[in-house]
Amino acid sequence: MKLPSSASRPLAGALLAFLIYQVIALVWFGRPVLNDFSHSYIGIKGSPDPGLNMWFLVWWPYAISHHINPLLTKAIWAPSGFNLTWATSIPFAALIAAPVTLKWGPVVSWNILCLLAPAVAAWCAFILCRHVCKSFVPALAGGYVFGFSPYMLGHLLGHLCMILVFPVPLAIYLVVLRLERRLAAGTFVALLALAAVTLFLCSQELLATAVLFGAIALLTALATAAAPRTDLLETGALAALALAVGAVLLAPYFYYLIAAQFPRGPINSPQVYSSDLLAFLVPGQTLLLGELRTIRPIALRLTGGGAEDTAYLGLPLLVLIFAYGWRTWRTPSTRLTLATLLIIMIASLGPVLHVAGAAAIRLPWALFIGLPLIDKALPGRFMMYAFLDAGLILSLYLAAKPGVIGKSLALLAIISLIPDLPGGWWFSSVDTPRFFRDGGYRSHLTRGETTLVLPYGREGNSMLWQAQSGMYFRMAGGYVGLTPTQFLRWPVLNTLYNAQPCLDFAAQLKLFLAAHDVKTIIVAGNARRQWPRLLQTLDLAGSAVDDVTLYDVPEDLRSTNAGMTAEQVERDAALHAFALMISAAQGYWARGLPLSKLNPWEASRLGLLSLPAAGPGPDPHSPQWWQNLWLGEYGDLTVGVGTLGDYAGISGVIERYGPLAKEVFFPYPRKLRPHLRQDTTGQLLMTFDRRGLERALAEAQSSLHP
């Protein structure tokens, strides 16, 4: 193939490559949104993640222009607020897109960033590949495999922080230049520190995994003699110095990061969000091949699923990689790239091997999930590094001028990565109510007042609506990927999410509204079909304004119940619910009814327990559960009563009823041990014989009739 003359010149070739990648991104992802760039966006339908990222795009310029610490916000989860250092708050993207956001709004900024991210990532990988393979077209193919990989396609559905990966190939490029002595030590440290800071401000998770796999690559390079040992050790030391410089520059961020006292352990399950072994060969749902009738049923069974099913390399690319390794195995750089690729693929399988969704054996990654920061990383996302490695191998393979079969394999590998654009995954319309879009909120809300917006948190797009209002109001809720501990303690929280009333719902919601100084409840979208009926129990009158319903929370309701903390309410609610369950169990047993049929639903049918009528019926597989409460037979002539929570919230239940129980399990199935941590969570289950239940009822009466 004869190249355009511009492709033979480094700068012109780089510009041409970027234009090619950007045209591909525009043709694939831009066409459906270009006609309505501010009211439609790239992202999966029904997911709160795009709205969350758009909120961040507004938050950073808003906070800076209003002289607010951008790392701490009171706009959501009011009044306590949230420490954003443990959220993927994308400050880099928010700041570079600020002029666009301020002029045209966050939806436009989001679309531009989503169209740029794959092209820029591919272009940076192209720069690395071209430097290594010395050829334009092979480097173009290598950059494409990285920038338009299944990893990028999956996270393009809503995880902007995970597709801002362009600093990764640039960092490797800097390392290569240093090993070749083309960069002075000081320049290398400065540029690598800049790359590290940029990556951190895109995603803390990406920097943490980049450092980990960078260290693994260094050890692998030492083992394979990919470069002189002294050069590798010196470059590794300089890289560590660059990270230290970056840490100094990010010192304020790290201060608040540590001050957040974030919960220990993973945020999401590393087993669920790992690569399935078959996923390397079975295309996921974001790929066109994944929609084939013979493939789709298999893809649906794999771990990760949807946006997180990103491990597909495909048979053509794997065969090509094998052929490259077979042909050049004696070359140290080949052993380095192949060994690193294999390590990344194994790590992406997570702590437990899954084959077609079924768990098999424990894997080496189980040793890493206890490391700080790394324990928050999801193994399936490691495939980003695998695609960079695979793209580099592809460029080297093509630069060696393979025959027709080799070129055909490369072409098939690229074709197999075509996204499933007709599948409807990629594009959504903004669902902002007119009340927020047209400024009606200014006439009915006071600037800075705290509201309760329904649908709540992750169940709707309230984050985007608040951002589009210019942070005009606060919310006693929100969505940042997780829920703060102080909100998790409120018994009414599950009702806010699923519109299924808890025990004593009206009283619980009043306590929540008062504690958070909520002045207005805003019911919008689908919530208008469910919530008016529930809010009638509070004797609140709603008024329709535009396309929302507003409920004013009277001052006397807020003042009467003010001062209650989540901890107090949680303990009182647990004691009250447990007392009701014990009373129902004793009443059931006293009637001589078969214990094998005891469950909350049966007790409610008999009038022994008052369950709210709304919500789904019992689960036929586990009818003993109602929301977070458990009631049923446990062994011979023994009744079990249980609940879910943390030790701090259920300790009152344990203190009151534990001495009367036959056995106490927490967290189930373990028996209760002394000196548990207050944040230990799980199921509490107490078992009672006939005599113990009678004595427990006497205790329960004091809670039910003080």
# chains A, B, ... in the order shown; residues from 1 in each chain; ligands from 1

$ residues_around --residues "range 166-179 of chain A" --least-positions-apart "4" --cutoff "8 Å" --atoms "only C-alpha atoms" --output "PDB file with C-alpha atoms, in the first residue's frame"
ATOM      1  CA  ALA A 117     -11.997  10.257  24.188  1.00  0.00           C
ATOM      2  CA  VAL A 120      -7.455  10.817  21.525  1.00  0.00           C
ATOM      3  CA  ALA A 121      -6.796   7.446  23.191  1.00  0.00           C
ATOM      4  CA  ALA A 122      -6.252   5.805  19.795  1.00  0.00           C
ATOM      5  CA  CYS A 124      -1.793   8.459  21.773  1.00  0.00           C
ATOM      6  CA  ALA A 125      -1.495   4.709  21.270  1.00  0.00           C
ATOM      7  CA  ILE A 127       2.233   7.639  18.699  1.00  0.00           C
ATOM      8  CA  LEU A 128       3.606   4.823  20.862  1.00  0.00           C
ATOM      9  CA  LEU A 183      14.900  12.219  27.235  1.00  0.00           C
ATOM     10  CA  ALA A 184      16.997  13.832  29.937  1.00  0.00           C
ATOM     11  CA  ALA A 185      16.297  12.573  33.462  1.00  0.00           C
ATOM     12  CA  PHE A 188      11.405  12.552  31.952  1.00  0.00           C
ATOM     13  CA  LEU A 191       6.631  14.848  31.932  1.00  0.00           C
ATOM     14  CA  LEU A 192       5.833  11.546  33.667  1.00  0.00           C
ATOM     15  CA  ALA A 195       1.007  12.353  32.950  1.00  0.00           C
ATOM     16  CA  ALA A 196       0.422  10.777  36.376  1.00  0.00           C
ATOM     17  CA  THR A 198      -3.516  14.059  34.603  1.00  0.00           C
ATOM     18  CA  LEU A 199      -4.446  10.385  34.874  1.00  0.00           C
ATOM     19  CA  ALA A 210      -1.361   1.891  36.074  1.00  0.00           C
ATOM     20  CA  ALA A 227      16.680  -3.794  28.273  1.00  0.00           C
ATOM     21  CA  ASP A 231      18.808   1.194  32.529  1.00  0.00           C
ATOM     22  CA  LEU A 232      15.638  -0.489  33.766  1.00  0.00           C
ATOM     23  CA  THR A 235      14.216   4.354  34.800  1.00  0.00           C
ATOM     24  CA  LEU A 388      -2.831  -1.470  24.557  1.00  0.00           C
TER      25      LEU A 388
END

$ select_by_dssp --residues "range 203-394 of chain A" --states "alpha helix (DSSP H)" --output "PyMOL selection string"
chain A and resi 204-224+229-249+251-259+296-299+315-328+332-348+383-394

$ select_by_dssp --residues "range 344-424 of chain A" --states "strand (DSSP E or B)" --output "VMD selection string"
chain A and resid 352 to 355 358 to 362 419

$ residues_around --residues "Arg558 in chain A" --least-positions-apart "4" --cutoff "7 Å" --atoms "only C-alpha atoms" --output "VMD selection string"
chain A and resid 513 to 514 517 554 562

$ residues_around --residues "Gly617 in chain A" --least-positions-apart "5" --cutoff "12 Å" --atoms "only C-alpha atoms" --output "PyMOL selection string"
chain A and resi 500+600-602+604+611-612+622-627

$ closest_residue --among "A:Ala223, A:Leu115, A:Phe146, A:Gly470" --to "Leu102 in chain A" --atoms "only C-alpha atoms"
A:Gly470

$ closest_residue --among "A:Trp77, A:Tyr472, A:Phe665, A:Phe512" --to "Tyr62 in chain A" --atoms "only C-alpha atoms"
A:Tyr472

$ residues_around --residues "Ile44 in chain A" --least-positions-apart "6" --cutoff "12 Å" --atoms "only C-alpha atoms" --output "PDB file with N, CA and C atoms, in the first residue's frame"
ATOM      1  N   PRO A  50     -24.333   8.668  33.102  1.00  0.00           N
ATOM      2  CA  PRO A  50     -24.095   9.881  32.305  1.00  0.00           C
ATOM      3  C   PRO A  50     -24.525  11.148  33.029  1.00  0.00           C
ATOM      4  N   GLY A  51     -25.695  11.120  33.686  1.00  0.00           N
ATOM      5  CA  GLY A  51     -26.153  12.294  34.430  1.00  0.00           C
ATOM      6  C   GLY A  51     -25.213  12.660  35.557  1.00  0.00           C
ATOM      7  N   LEU A 153     -15.556   0.771  24.198  1.00  0.00           N
ATOM      8  CA  LEU A 153     -16.953   0.762  23.783  1.00  0.00           C
ATOM      9  C   LEU A 153     -17.873   0.553  24.983  1.00  0.00           C
ATOM     10  N   GLY A 154     -17.499  -0.368  25.860  1.00  0.00           N
ATOM     11  CA  GLY A 154     -18.334  -0.637  27.023  1.00  0.00           C
ATOM     12  C   GLY A 154     -18.447   0.564  27.936  1.00  0.00           C
ATOM     13  N   HIS A 155     -17.334   1.202  28.234  1.00  0.00           N
ATOM     14  CA  HIS A 155     -17.353   2.315  29.178  1.00  0.00           C
ATOM     15  C   HIS A 155     -17.807   3.616  28.536  1.00  0.00           C
ATOM     16  N   LEU A 156     -17.879   3.639  27.208  1.00  0.00           N
ATOM     17  CA  LEU A 156     -18.458   4.797  26.533  1.00  0.00           C
ATOM     18  C   LEU A 156     -19.951   4.923  26.836  1.00  0.00           C
ATOM     19  N   LEU A 157     -20.546   3.871  27.348  1.00  0.00           N
ATOM     20  CA  LEU A 157     -21.968   3.885  27.672  1.00  0.00           C
ATOM     21  C   LEU A 157     -22.284   4.762  28.876  1.00  0.00           C
ATOM     22  N   GLY A 158     -21.277   5.172  29.634  1.00  0.00           N
ATOM     23  CA  GLY A 158     -21.589   6.032  30.767  1.00  0.00           C
ATOM     24  C   GLY A 158     -20.452   6.331  31.706  1.00  0.00           C
ATOM     25  N   HIS A 159     -19.294   5.686  31.527  1.00  0.00           N
ATOM     26  CA  HIS A 159     -18.179   5.849  32.460  1.00  0.00           C
ATOM     27  C   HIS A 159     -17.086   6.710  31.825  1.00  0.00           C
ATOM     28  N   THR A 286     -21.889  -5.193  23.390  1.00  0.00           N
ATOM     29  CA  THR A 286     -21.616  -3.911  22.742  1.00  0.00           C
ATOM     30  C   THR A 286     -21.033  -4.081  21.339  1.00  0.00           C
ATOM     31  N   GLY A 306     -22.861  -6.425  30.091  1.00  0.00           N
ATOM     32  CA  GLY A 306     -23.085  -5.072  29.610  1.00  0.00           C
ATOM     33  C   GLY A 306     -21.800  -4.286  29.439  1.00  0.00           C
ATOM     34  N   ALA A 307     -21.747  -3.126  30.103  1.00  0.00           N
ATOM     35  CA  ALA A 307     -20.611  -2.221  29.961  1.00  0.00           C
ATOM     36  C   ALA A 307     -19.329  -2.813  30.517  1.00  0.00           C
ATOM     37  N   LEU A 421     -23.908  -0.735  16.814  1.00  0.00           N
ATOM     38  CA  LEU A 421     -24.613   0.546  16.786  1.00  0.00           C
ATOM     39  C   LEU A 421     -26.118   0.397  16.577  1.00  0.00           C
ATOM     40  N   GLY A 423     -27.964  -1.732  17.850  1.00  0.00           N
ATOM     41  CA  GLY A 423     -28.562  -2.363  19.022  1.00  0.00           C
ATOM     42  C   GLY A 423     -29.237  -1.421  19.987  1.00  0.00           C
ATOM     43  N   GLY A 424     -29.109  -0.102  19.784  1.00  0.00           N
ATOM     44  CA  GLY A 424     -29.780   0.852  20.649  1.00  0.00           C
ATOM     45  C   GLY A 424     -29.111   1.081  21.990  1.00  0.00           C
ATOM     46  N   TRP A 425     -27.873   0.622  22.136  1.00  0.00           N
ATOM     47  CA  TRP A 425     -27.149   0.781  23.397  1.00  0.00           C
ATOM     48  C   TRP A 425     -26.711   2.220  23.641  1.00  0.00           C
ATOM     49  N   TRP A 426     -26.429   2.935  22.608  1.00  0.00           N
ATOM     50  CA  TRP A 426     -25.480   4.031  22.692  1.00  0.00           C
ATOM     51  C   TRP A 426     -26.061   5.412  22.913  1.00  0.00           C
ATOM     52  N   PHE A 427     -27.341   5.589  22.671  1.00  0.00           N
ATOM     53  CA  PHE A 427     -27.853   6.951  22.617  1.00  0.00           C
ATOM     54  C   PHE A 427     -29.119   7.097  23.449  1.00  0.00           C
ATOM     55  N   SER A 428     -29.239   8.234  24.106  1.00  0.00           N
ATOM     56  CA  SER A 428     -30.383   8.513  24.969  1.00  0.00           C
ATOM     57  C   SER A 428     -30.825   9.955  24.768  1.00  0.00           C
ATOM     58  N   SER A 429     -32.070  10.215  25.143  1.00  0.00           N
ATOM     59  CA  SER A 429     -32.600  11.571  25.121  1.00  0.00           C
ATOM     60  C   SER A 429     -32.658  12.111  26.539  1.00  0.00           C
ATOM     61  N   VAL A 430     -32.400  13.375  26.693  1.00  0.00           N
ATOM     62  CA  VAL A 430     -32.457  14.014  28.003  1.00  0.00           C
ATOM     63  C   VAL A 430     -33.911  14.027  28.478  1.00  0.00           C
TER      64      VAL A 430
END

$ closest_residue --among "A:Val33, A:Val282, A:Cys114, A:Ala190" --to "Leu238 in chain A" --atoms "only C-alpha atoms"
A:Ala190

$ residues_around --residues "range 271-278 of chain A" --least-positions-apart "6" --cutoff "6 Å" --atoms "only C-alpha atoms" --output "list in words"
Leu302, Thr303, Gly304, Ser348, Leu349, Gly350, His354, Val355, Leu378, Pro379 and Gly380 of chain A

$ write_last_selection --atoms "C-alpha atoms" --output "compact mmCIF listing (two decimals), in the first residue's frame"
# COMPACT_ATOMS: atom_id res chain seq x y z
CA LEU A 302 -20.73 -14.20 31.30
CA THR A 303 -19.61 -12.31 34.40
CA GLY A 304 -19.43 -8.53 34.26
CA SER A 348 -8.60 -9.50 34.72
CA LEU A 349 -10.16 -12.86 35.60
CA GLY A 350 -10.32 -11.63 39.19
CA HIS A 354 -15.53 -17.98 36.07
CA VAL A 355 -16.35 -20.05 33.00
CA LEU A 378 -12.52 -3.91 39.25
CA PRO A 379 -10.45 -6.67 37.58
CA GLY A 380 -12.45 -6.66 34.34

$ residues_around --residues "Leu288 in chain A" --least-positions-apart "4" --cutoff "6 Å" --atoms "only C-alpha atoms" --output "PyMOL selection string"
chain A and resi 418-420

$ closest_residue --among "A:Ile42, A:Leu16, A:Met384, A:Ala139" --to "Asn111 in chain A" --atoms "only C-alpha atoms"
A:Ile42

$ atom_distance --atom1 "CA of Gly105 in chain A" --atom2 "CA of Val523 in chain A"
23.7 Å
